[in-house]
file protein25.pdb (PDB, C-alpha atoms)
ATOM      1  CA  MET A  11       0.000   0.000   0.000
ATOM      2  CA  ASP A  12       1.018   3.595  -0.508
ATOM      3  CA  ASP A  13       0.219   6.871   1.282
ATOM      4  CA  THR A  14      -2.370   8.062  -1.264
ATOM      5  CA  PHE A  15      -5.202   8.079   1.290
ATOM      6  CA  ASP A  16      -3.249   9.004   4.435
ATOM      7  CA  ASP A  17      -4.624  12.551   4.562
ATOM      8  CA  LEU A  18      -8.169  11.203   4.562
ATOM      9  CA  LEU A  19      -7.403   8.606   7.215
ATOM     10  CA  LEU A  20      -5.897  11.352   9.387
ATOM     11  CA  ALA A  21      -9.013  13.477   8.916
ATOM     12  CA  ASN A  22     -11.103  10.435   9.830
ATOM     13  CA  GLN A  23      -9.213  10.049  13.096
ATOM     14  CA  ARG A  24     -10.169  13.631  14.008
ATOM     15  CA  TYR A  25     -13.767  13.008  12.941
ATOM     16  CA  ALA A  26     -14.012   9.799  14.962
ATOM     17  CA  THR A  27     -13.506  11.687  18.216
ATOM     18  CA  SER A  28     -16.893  13.373  17.793
ATOM     19  CA  ALA A  29     -18.682  11.142  15.269
ATOM     20  CA  PRO A  30     -22.345  10.444  16.011
ATOM     21  CA  ARG A  31     -22.904   7.186  17.821
ATOM     22  CA  ASN A  32     -25.745   4.762  18.489
ATOM     23  CA  PHE A  33     -27.727   5.291  15.294
ATOM     24  CA  ASP A  34     -30.140   2.479  14.519
ATOM     25  CA  GLY A  35     -30.161   2.735  10.709
ATOM     26  CA  TYR A  36     -33.798   3.769  10.321
ATOM     27  CA  ALA A  37     -34.837   6.847   8.322
ATOM     28  CA  HIS A  38     -36.215   8.763  11.306
ATOM     29  CA  ALA A  39     -37.915  11.418   9.169
ATOM     30  CA  GLY A  40     -39.330   8.661   6.935
ATOM     31  CA  ILE A  41     -37.545  10.056   3.876
ATOM     32  CA  ALA A  42     -35.476   8.541   1.069
ATOM     33  CA  VAL A  43     -33.789  10.707  -1.547
ATOM     34  CA  VAL A  44     -32.579   9.538  -4.942
ATOM     35  CA  THR A  45     -30.357  12.219  -6.415
ATOM     36  CA  CYS A  46     -27.255  12.839  -8.466
ATOM     37  CA  MET A  47     -23.687  12.161  -7.404
ATOM     38  CA  ASP A  48     -22.831  15.795  -8.240
ATOM     39  CA  SER A  49     -20.777  17.296  -5.406
ATOM     40  CA  ARG A  50     -22.752  20.563  -5.532
ATOM     41  CA  LEU A  51     -25.772  18.808  -4.026
ATOM     42  CA  GLN A  52     -26.204  18.398  -0.284
ATOM     43  CA  PRO A  53     -29.315  16.210  -0.096
ATOM     44  CA  LEU A  54     -29.980  16.413   3.641
ATOM     45  CA  GLU A  55     -29.347  20.128   3.906
ATOM     46  CA  MET A  56     -31.446  21.017   0.844
ATOM     47  CA  ILE A  57     -34.571  19.622   2.544
ATOM     48  CA  GLY A  58     -33.745  20.654   6.106
ATOM     49  CA  LEU A  59     -32.823  17.227   7.470
ATOM     50  CA  PHE A  60     -29.946  15.893   9.553
ATOM     51  CA  LEU A  61     -27.870  12.752   9.854
ATOM     52  CA  GLY A  62     -30.037   9.726  10.615
ATOM     53  CA  GLU A  63     -33.252  11.202   9.253
ATOM     54  CA  ALA A  64     -33.133  10.004   5.628
ATOM     55  CA  LYS A  65     -31.725   7.390   3.295
ATOM     56  CA  ILE A  66     -29.649   8.947   0.516
ATOM     57  CA  LEU A  67     -29.124   7.089  -2.789
ATOM     58  CA  ARG A  68     -26.830   8.806  -5.287
ATOM     59  CA  THR A  69     -26.422   7.826  -8.913
ATOM     60  CA  PRO A  70     -25.173   9.606 -12.051
ATOM     61  CA  GLY A  71     -27.991  11.971 -12.980
ATOM     62  CA  GLY A  72     -30.063  10.941  -9.965
ATOM     63  CA  HIS A  73     -31.681   8.226 -12.051
ATOM     64  CA  VAL A  74     -33.461   5.270 -10.514
ATOM     65  CA  THR A  75     -30.996   2.530 -11.402
ATOM     66  CA  GLN A  76     -31.495  -1.049 -10.238
ATOM     67  CA  ASP A  77     -29.377  -0.327  -7.158
ATOM     68  CA  ALA A  78     -31.403   2.794  -6.348
ATOM     69  CA  LEU A  79     -34.649   0.853  -6.837
ATOM     70  CA  ASN A  80     -33.396  -1.872  -4.495
ATOM     71  CA  GLY A  81     -32.434   0.765  -1.929
ATOM     72  CA  CYS A  82     -35.904   2.330  -2.098
ATOM     73  CA  ILE A  83     -37.577  -1.071  -1.705
ATOM     74  CA  LEU A  84     -35.424  -1.827   1.338
ATOM     75  CA  GLY A  85     -36.065   1.648   2.735
ATOM     76  CA  VAL A  86     -39.826   1.384   2.367
ATOM     77  CA  ASN A  87     -40.171  -2.144   3.672
ATOM     78  CA  LEU A  88     -37.478  -2.330   6.342
ATOM     79  CA  LEU A  89     -36.214   1.150   7.232
ATOM     80  CA  ARG A  90     -39.373   3.232   7.839
ATOM     81  CA  VAL A  91     -39.284   5.234   4.612
ATOM     82  CA  ARG A  92     -42.718   6.708   3.812
ATOM     83  CA  ARG A  93     -41.779   9.385   1.278
ATOM     84  CA  ILE A  94     -39.316   9.178  -1.615
ATOM     85  CA  LEU A  95     -37.949  12.233  -3.392
ATOM     86  CA  VAL A  96     -36.301  11.809  -6.790
ATOM     87  CA  ILE A  97     -34.253  14.941  -7.414
ATOM     88  CA  SER A  98     -32.687  16.056 -10.693
ATOM     89  CA  HIS A  99     -30.673  19.275 -10.914
ATOM     90  CA  SER A 100     -29.687  22.068 -13.253
ATOM     91  CA  LYS A 101     -26.372  21.943 -15.108
ATOM     92  CA  CYS A 102     -26.254  18.138 -14.870
ATOM     93  CA  ALA A 103     -23.763  16.463 -17.189
ATOM     94  CA  MET A 104     -26.095  13.463 -17.481
ATOM     95  CA  ALA A 105     -28.682  15.732 -19.128
ATOM     96  CA  SER A 106     -26.227  17.412 -21.472
ATOM     97  CA  GLY A 107     -26.026  14.579 -23.997
ATOM     98  CA  ASP A 108     -26.479  10.878 -24.499
ATOM     99  CA  ASP A 109     -24.548   7.752 -23.525
ATOM    100  CA  GLU A 110     -22.667   7.702 -26.826
ATOM    101  CA  GLU A 111     -21.323  11.201 -26.206
ATOM    102  CA  LEU A 112     -20.316  10.404 -22.624
ATOM    103  CA  ALA A 113     -18.633   7.156 -23.686
ATOM    104  CA  ARG A 114     -16.731   9.079 -26.359
ATOM    105  CA  ARG A 115     -15.555  11.612 -23.763
ATOM    106  CA  VAL A 116     -14.516   8.869 -21.324
ATOM    107  CA  SER A 117     -12.648   7.066 -24.111
ATOM    108  CA  GLN A 118     -10.905  10.293 -25.054
ATOM    109  CA  ALA A 119      -9.926  11.041 -21.444
ATOM    110  CA  SER A 120      -8.792   7.507 -20.612
ATOM    111  CA  GLY A 121      -7.331   6.421 -23.909
ATOM    112  CA  ARG A 122      -9.427   3.254 -23.608
ATOM    113  CA  ASP A 123     -12.586   2.039 -25.296
ATOM    114  CA  ALA A 124     -15.646   2.927 -23.231
ATOM    115  CA  SER A 125     -18.225   2.384 -25.987
ATOM    116  CA  GLU A 126     -19.940  -0.497 -24.167
ATOM    117  CA  LEU A 127     -20.731   1.551 -21.046
ATOM    118  CA  GLU A 128     -24.300   2.559 -20.274
ATOM    119  CA  PHE A 129     -24.626   5.674 -18.125
ATOM    120  CA  GLY A 130     -28.307   6.477 -18.513
ATOM    121  CA  ALA A 131     -27.642   9.956 -19.890
ATOM    122  CA  ASP A 132     -30.792  11.613 -21.192
ATOM    123  CA  PRO A 133     -31.268  15.199 -22.415
ATOM    124  CA  ASP A 134     -35.002  14.890 -21.630
ATOM    125  CA  GLN A 135     -34.416  15.484 -17.933
ATOM    126  CA  ALA A 136     -38.057  16.149 -17.046
ATOM    127  CA  GLY A 137     -39.250  13.109 -18.991
ATOM    128  CA  ARG A 138     -36.676  10.882 -17.331
ATOM    129  CA  LEU A 139     -37.645  12.259 -13.905
ATOM    130  CA  ARG A 140     -41.311  11.476 -14.561
ATOM    131  CA  ALA A 141     -40.436   7.947 -15.732
ATOM    132  CA  ASP A 142     -38.306   7.324 -12.627
ATOM    133  CA  VAL A 143     -41.082   8.562 -10.332
ATOM    134  CA  LYS A 144     -43.600   6.334 -12.129
ATOM    135  CA  LEU A 145     -41.265   3.337 -11.819
ATOM    136  CA  LEU A 146     -41.051   3.801  -8.058
ATOM    137  CA  ALA A 147     -44.676   4.796  -7.481
ATOM    138  CA  THR A 148     -46.050   1.785  -9.354
ATOM    139  CA  HIS A 149     -43.599  -0.809  -8.104
ATOM    140  CA  PRO A 150     -45.554  -3.525  -6.234
ATOM    141  CA  LEU A 151     -43.169  -3.389  -3.262
ATOM    142  CA  ILE A 152     -43.541   0.401  -2.918
ATOM    143  CA  THR A 153     -47.026   1.398  -4.133
ATOM    144  CA  GLY A 154     -49.415   2.095  -1.263
ATOM    145  CA  ARG A 155     -46.537   2.057   1.224
ATOM    146  CA  ALA A 156     -44.758   5.311   0.289
ATOM    147  CA  SER A 157     -45.471   8.538  -1.570
ATOM    148  CA  VAL A 158     -43.106   9.364  -4.429
ATOM    149  CA  GLY A 159     -42.406  12.809  -5.869
ATOM    150  CA  GLY A 160     -40.116  14.220  -8.543
ATOM    151  CA  PHE A 161     -38.220  17.447  -7.908
ATOM    152  CA  HIS A 162     -35.689  19.675  -9.667
ATOM    153  CA  TYR A 163     -32.922  21.494  -7.813
ATOM    154  CA  ASP A 164     -31.407  24.698  -9.172
ATOM    155  CA  VAL A 165     -27.677  24.693  -8.347
ATOM    156  CA  ASP A 166     -27.516  28.496  -8.771
ATOM    157  CA  THR A 167     -30.381  29.456  -6.457
ATOM    158  CA  GLY A 168     -30.502  26.467  -4.098
ATOM    159  CA  LEU A 169     -34.252  26.168  -4.691
ATOM    160  CA  LEU A 170     -36.107  22.894  -5.108
ATOM    161  CA  GLN A 171     -39.247  22.752  -7.265
ATOM    162  CA  ARG A 172     -41.746  19.901  -7.482
ATOM    163  CA  VAL A 173     -42.078  18.593 -11.044
ATOM    164  CA  CYS A 174     -44.376  15.617 -10.532
TER     165      CYS A 174
END
call {"tool": "encode", "arguments": {"input": "protein25.pdb", "output": "structure tokens"}}
result
Amino acid sequence: MDDTFDDLLLANQRYATSAPRNFDGYAHAGIAVVTCMDSRLQPLEMIGLFLGEAKILRTPGGHVTQDALNGCILGVNLLRVRRILVISHSKCAMASGDDEELARRVSQASGRDASELEFGADPDQAGRLRADVKLLATHPLITGRASVGGFHYDVDTGLLQRVC
């Protein structure tokens, strides 16, 4: 091993002295959020919640991938989730083109063939958001057990708007 992560391990040692303890793993506010991996988004803060109050599932573009779907199903059935927010955001790279374009850019950056990758990029951000909300809302392991809503976050203003 090398020292590539030593700075982060040192920071973790400082964090561990005051890290929250004795959490039970439930979503105490009954919330799950599916949103983008973009580092400009702070999912808990944007909806006024704190550590331990919500389940956060992050994917490229905030799309409901199979992993995100599984997380929502677990949240609803085992972790006290009663509301699911699917949140897209402005200036999202996943809405700026399609998978072919992203694969081309990855290939160019890496020098390797990335043409077989599927990212789920979709310039129809609102349409994709509606489809993801419908997928969750009509899933037999979620429907009737949790409310699902689609939202759009503006990275410039910090405001969240309900889309569906």
call {"tool": "atom_distance", "arguments": {"input": "protein25.pdb", "atom1": "CA of Ser117 (chain A)", "atom2": "CA of Pro133 (chain A)"}}
result
20.4 Å
call {"tool": "closest_residue", "arguments": {"input": "protein25.pdb", "among": "A:Glu110, A:Ala103, A:Cys174, A:Arg138", "to": "Thr75 (chain A)", "atoms": "all atoms listed in the file"}}
result
A:Arg138
call {"tool": "residues_around", "arguments": {"input": "protein25.pdb", "residues": "Ala113 (chain A)", "least_positions_apart": "6", "cutoff": "9 Å", "atoms": "all atoms listed in the file", "output": "ChimeraX atom specification"}}
result
/A:123-129
call {"tool": "write_last_selection", "arguments": {"input": "protein25.pdb", "atoms": "C-alpha atoms", "output": "short mmCIF file (atom, residue, chain, number, x, y, z; two decimals), in the frame of the given file"}}
result
data_model
loop_
_atom_site.label_atom_id
_atom_site.label_comp_id
_atom_site.auth_asym_id
_atom_site.auth_seq_id
_atom_site.Cartn_x
_atom_site.Cartn_y
_atom_site.Cartn_z
CA ASP A 123 -12.59 2.04 -25.30
CA ALA A 124 -15.65 2.93 -23.23
CA SER A 125 -18.23 2.38 -25.99
CA GLU A 126 -19.94 -0.50 -24.17
CA LEU A 127 -20.73 1.55 -21.05
CA GLU A 128 -24.30 2.56 -20.27
CA PHE A 129 -24.63 5.67 -18.12
#
call {"tool": "closest_residue", "arguments": {"input": "protein25.pdb", "among": "A:Leu88, A:Leu61, A:Leu139, A:Leu54", "to": "His162 (chain A)", "atoms": "all atoms listed in the file"}}
result
A:Leu139
call {"tool": "closest_residue", "arguments": {"input": "protein25.pdb", "among": "A:Leu79, A:Ala136, A:Phe15, A:Ser120", "to": "Thr148 (chain A)", "atoms": "only C-alpha atoms"}}
result
A:Leu79
call {"tool": "atom_distance", "arguments": {"input": "protein25.pdb", "atom1": "CA of Asn80 (chain A)", "atom2": "CA of Arg114 (chain A)"}}
result
29.6 Å
call {"tool": "atom_distance", "arguments": {"input": "protein25.pdb", "atom1": "CA of Leu89 (chain A)", "atom2": "CA of Lys65 (chain A)"}}
result
8.6 Å
call {"tool": "closest_residue", "arguments": {"input": "protein25.pdb", "among": "A:Gly121, A:Gly71, A:Gly40, A:Gly130", "to": "Asp108 (chain A)", "atoms": "all atoms listed in the file"}}
result
A:Gly130
call {"tool": "resolve_selection", "arguments": {"input": "protein25.pdb", "expression": "the PyMOL selection byres ((chain A and resi 163) around 9)", "output": "ChimeraX atom specification"}}
result
/A:51,56,97-100,161-162,164-172
call {"tool": "write_last_selection", "arguments": {"input": "protein25.pdb", "atoms": "C-alpha atoms", "output": "PDB file, in the frame of the given file"}}
result
ATOM      1  CA  LEU A  51     -25.772  18.808  -4.026  1.00  0.00           C
ATOM      2  CA  MET A  56     -31.446  21.017   0.844  1.00  0.00           C
ATOM      3  CA  ILE A  97     -34.253  14.941  -7.414  1.00  0.00           C
ATOM      4  CA  SER A  98     -32.687  16.056 -10.693  1.00  0.00           C
ATOM      5  CA  HIS A  99     -30.673  19.275 -10.914  1.00  0.00           C
ATOM      6  CA  SER A 100     -29.687  22.068 -13.253  1.00  0.00           C
ATOM      7  CA  PHE A 161     -38.220  17.447  -7.908  1.00  0.00           C
ATOM      8  CA  HIS A 162     -35.689  19.675  -9.667  1.00  0.00           C
ATOM      9  CA  ASP A 164     -31.407  24.698  -9.172  1.00  0.00           C
ATOM     10  CA  VAL A 165     -27.677  24.693  -8.347  1.00  0.00           C
ATOM     11  CA  ASP A 166     -27.516  28.496  -8.771  1.00  0.00           C
ATOM     12  CA  THR A 167     -30.381  29.456  -6.457  1.00  0.00           C
ATOM     13  CA  GLY A 168     -30.502  26.467  -4.098  1.00  0.00           C
ATOM     14  CA  LEU A 169     -34.252  26.168  -4.691  1.00  0.00           C
ATOM     15  CA  LEU A 170     -36.107  22.894  -5.108  1.00  0.00           C
ATOM     16  CA  GLN A 171     -39.247  22.752  -7.265  1.00  0.00           C
ATOM     17  CA  ARG A 172     -41.746  19.901  -7.482  1.00  0.00           C
TER      18      ARG A 172
END
call {"tool": "decode", "arguments": {"input": "protein25.pdb", "residues": "region 39-134 of chain A", "atoms": "C-alpha atoms", "output": "PDB file, in the first residue's frame"}}
result
ATOM      1  CA  ALA A  39     -37.915  11.418   9.169  1.00  0.00           C
ATOM      2  CA  GLY A  40     -39.330   8.661   6.935  1.00  0.00           C
ATOM      3  CA  ILE A  41     -37.545  10.056   3.876  1.00  0.00           C
ATOM      4  CA  ALA A  42     -35.476   8.541   1.069  1.00  0.00           C
ATOM      5  CA  VAL A  43     -33.789  10.707  -1.547  1.00  0.00           C
ATOM      6  CA  VAL A  44     -32.579   9.538  -4.942  1.00  0.00           C
ATOM      7  CA  THR A  45     -30.357  12.219  -6.415  1.00  0.00           C
ATOM      8  CA  CYS A  46     -27.255  12.839  -8.466  1.00  0.00           C
ATOM      9  CA  MET A  47     -23.687  12.161  -7.404  1.00  0.00           C
ATOM     10  CA  ASP A  48     -22.831  15.795  -8.240  1.00  0.00           C
ATOM     11  CA  SER A  49     -20.777  17.296  -5.406  1.00  0.00           C
ATOM     12  CA  ARG A  50     -22.752  20.563  -5.532  1.00  0.00           C
ATOM     13  CA  LEU A  51     -25.772  18.808  -4.026  1.00  0.00           C
ATOM     14  CA  GLN A  52     -26.204  18.398  -0.284  1.00  0.00           C
ATOM     15  CA  PRO A  53     -29.315  16.210  -0.096  1.00  0.00           C
ATOM     16  CA  LEU A  54     -29.980  16.413   3.641  1.00  0.00           C
ATOM     17  CA  GLU A  55     -29.347  20.128   3.906  1.00  0.00           C
ATOM     18  CA  MET A  56     -31.446  21.017   0.844  1.00  0.00           C
ATOM     19  CA  ILE A  57     -34.571  19.622   2.544  1.00  0.00           C
ATOM     20  CA  GLY A  58     -33.745  20.654   6.106  1.00  0.00           C
ATOM     21  CA  LEU A  59     -32.823  17.227   7.470  1.00  0.00           C
ATOM     22  CA  PHE A  60     -29.946  15.893   9.553  1.00  0.00           C
ATOM     23  CA  LEU A  61     -27.870  12.752   9.854  1.00  0.00           C
ATOM     24  CA  GLY A  62     -30.037   9.726  10.615  1.00  0.00           C
ATOM     25  CA  GLU A  63     -33.252  11.202   9.253  1.00  0.00           C
ATOM     26  CA  ALA A  64     -33.133  10.004   5.628  1.00  0.00           C
ATOM     27  CA  LYS A  65     -31.725   7.390   3.295  1.00  0.00           C
ATOM     28  CA  ILE A  66     -29.649   8.947   0.516  1.00  0.00           C
ATOM     29  CA  LEU A  67     -29.124   7.089  -2.789  1.00  0.00           C
ATOM     30  CA  ARG A  68     -26.830   8.806  -5.287  1.00  0.00           C
ATOM     31  CA  THR A  69     -26.422   7.826  -8.913  1.00  0.00           C
ATOM     32  CA  PRO A  70     -25.173   9.606 -12.051  1.00  0.00           C
ATOM     33  CA  GLY A  71     -27.991  11.971 -12.980  1.00  0.00           C
ATOM     34  CA  GLY A  72     -30.063  10.941  -9.965  1.00  0.00           C
ATOM     35  CA  HIS A  73     -31.681   8.226 -12.051  1.00  0.00           C
ATOM     36  CA  VAL A  74     -33.461   5.270 -10.514  1.00  0.00           C
ATOM     37  CA  THR A  75     -30.996   2.530 -11.402  1.00  0.00           C
ATOM     38  CA  GLN A  76     -31.495  -1.049 -10.238  1.00  0.00           C
ATOM     39  CA  ASP A  77     -29.377  -0.327  -7.158  1.00  0.00           C
ATOM     40  CA  ALA A  78     -31.403   2.794  -6.348  1.00  0.00           C
ATOM     41  CA  LEU A  79     -34.649   0.853  -6.837  1.00  0.00           C
ATOM     42  CA  ASN A  80     -33.396  -1.872  -4.495  1.00  0.00           C
ATOM     43  CA  GLY A  81     -32.434   0.765  -1.929  1.00  0.00           C
ATOM     44  CA  CYS A  82     -35.904   2.330  -2.098  1.00  0.00           C
ATOM     45  CA  ILE A  83     -37.577  -1.071  -1.705  1.00  0.00           C
ATOM     46  CA  LEU A  84     -35.424  -1.827   1.338  1.00  0.00           C
ATOM     47  CA  GLY A  85     -36.065   1.648   2.735  1.00  0.00           C
ATOM     48  CA  VAL A  86     -39.826   1.384   2.367  1.00  0.00           C
ATOM     49  CA  ASN A  87     -40.171  -2.144   3.672  1.00  0.00           C
ATOM     50  CA  LEU A  88     -37.478  -2.330   6.342  1.00  0.00           C
ATOM     51  CA  LEU A  89     -36.214   1.150   7.232  1.00  0.00           C
ATOM     52  CA  ARG A  90     -39.373   3.232   7.839  1.00  0.00           C
ATOM     53  CA  VAL A  91     -39.284   5.234   4.612  1.00  0.00           C
ATOM     54  CA  ARG A  92     -42.718   6.708   3.812  1.00  0.00           C
ATOM     55  CA  ARG A  93     -41.779   9.385   1.278  1.00  0.00           C
ATOM     56  CA  ILE A  94     -39.316   9.178  -1.615  1.00  0.00           C
ATOM     57  CA  LEU A  95     -37.949  12.233  -3.392  1.00  0.00           C
ATOM     58  CA  VAL A  96     -36.301  11.809  -6.790  1.00  0.00           C
ATOM     59  CA  ILE A  97     -34.253  14.941  -7.414  1.00  0.00           C
ATOM     60  CA  SER A  98     -32.687  16.056 -10.693  1.00  0.00           C
ATOM     61  CA  HIS A  99     -30.673  19.275 -10.914  1.00  0.00           C
ATOM     62  CA  SER A 100     -29.687  22.068 -13.253  1.00  0.00           C
ATOM     63  CA  LYS A 101     -26.372  21.943 -15.108  1.00  0.00           C
ATOM     64  CA  CYS A 102     -26.254  18.138 -14.870  1.00  0.00           C
ATOM     65  CA  ALA A 103     -23.763  16.463 -17.189  1.00  0.00           C
ATOM     66  CA  MET A 104     -26.095  13.463 -17.481  1.00  0.00           C
ATOM     67  CA  ALA A 105     -28.682  15.732 -19.128  1.00  0.00           C
ATOM     68  CA  SER A 106     -26.227  17.412 -21.472  1.00  0.00           C
ATOM     69  CA  GLY A 107     -26.026  14.579 -23.997  1.00  0.00           C
ATOM     70  CA  ASP A 108     -26.479  10.878 -24.499  1.00  0.00           C
ATOM     71  CA  ASP A 109     -24.548   7.752 -23.525  1.00  0.00           C
ATOM     72  CA  GLU A 110     -22.667   7.702 -26.826  1.00  0.00           C
ATOM     73  CA  GLU A 111     -21.323  11.201 -26.206  1.00  0.00           C
ATOM     74  CA  LEU A 112     -20.316  10.404 -22.624  1.00  0.00           C
ATOM     75  CA  ALA A 113     -18.633   7.156 -23.686  1.00  0.00           C
ATOM     76  CA  ARG A 114     -16.731   9.079 -26.359  1.00  0.00           C
ATOM     77  CA  ARG A 115     -15.555  11.612 -23.763  1.00  0.00           C
ATOM     78  CA  VAL A 116     -14.516   8.869 -21.324  1.00  0.00           C
ATOM     79  CA  SER A 117     -12.648   7.066 -24.111  1.00  0.00           C
ATOM     80  CA  GLN A 118     -10.905  10.293 -25.054  1.00  0.00           C
ATOM     81  CA  ALA A 119      -9.926  11.041 -21.444  1.00  0.00           C
ATOM     82  CA  SER A 120      -8.792   7.507 -20.612  1.00  0.00           C
ATOM     83  CA  GLY A 121      -7.331   6.421 -23.909  1.00  0.00           C
ATOM     84  CA  ARG A 122      -9.427   3.254 -23.608  1.00  0.00           C
ATOM     85  CA  ASP A 123     -12.586   2.039 -25.296  1.00  0.00           C
ATOM     86  CA  ALA A 124     -15.646   2.927 -23.231  1.00  0.00           C
ATOM     87  CA  SER A 125     -18.225   2.384 -25.987  1.00  0.00           C
ATOM     88  CA  GLU A 126     -19.940  -0.497 -24.167  1.00  0.00           C
ATOM     89  CA  LEU A 127     -20.731   1.551 -21.046  1.00  0.00           C
ATOM     90  CA  GLU A 128     -24.300   2.559 -20.274  1.00  0.00           C
ATOM     91  CA  PHE A 129     -24.626   5.674 -18.125  1.00  0.00           C
ATOM     92  CA  GLY A 130     -28.307   6.477 -18.513  1.00  0.00           C
ATOM     93  CA  ALA A 131     -27.642   9.956 -19.890  1.00  0.00           C
ATOM     94  CA  ASP A 132     -30.792  11.613 -21.192  1.00  0.00           C
ATOM     95  CA  PRO A 133     -31.268  15.199 -22.415  1.00  0.00           C
ATOM     96  CA  ASP A 134     -35.002  14.890 -21.630  1.00  0.00           C
TER      97      ASP A 134
END
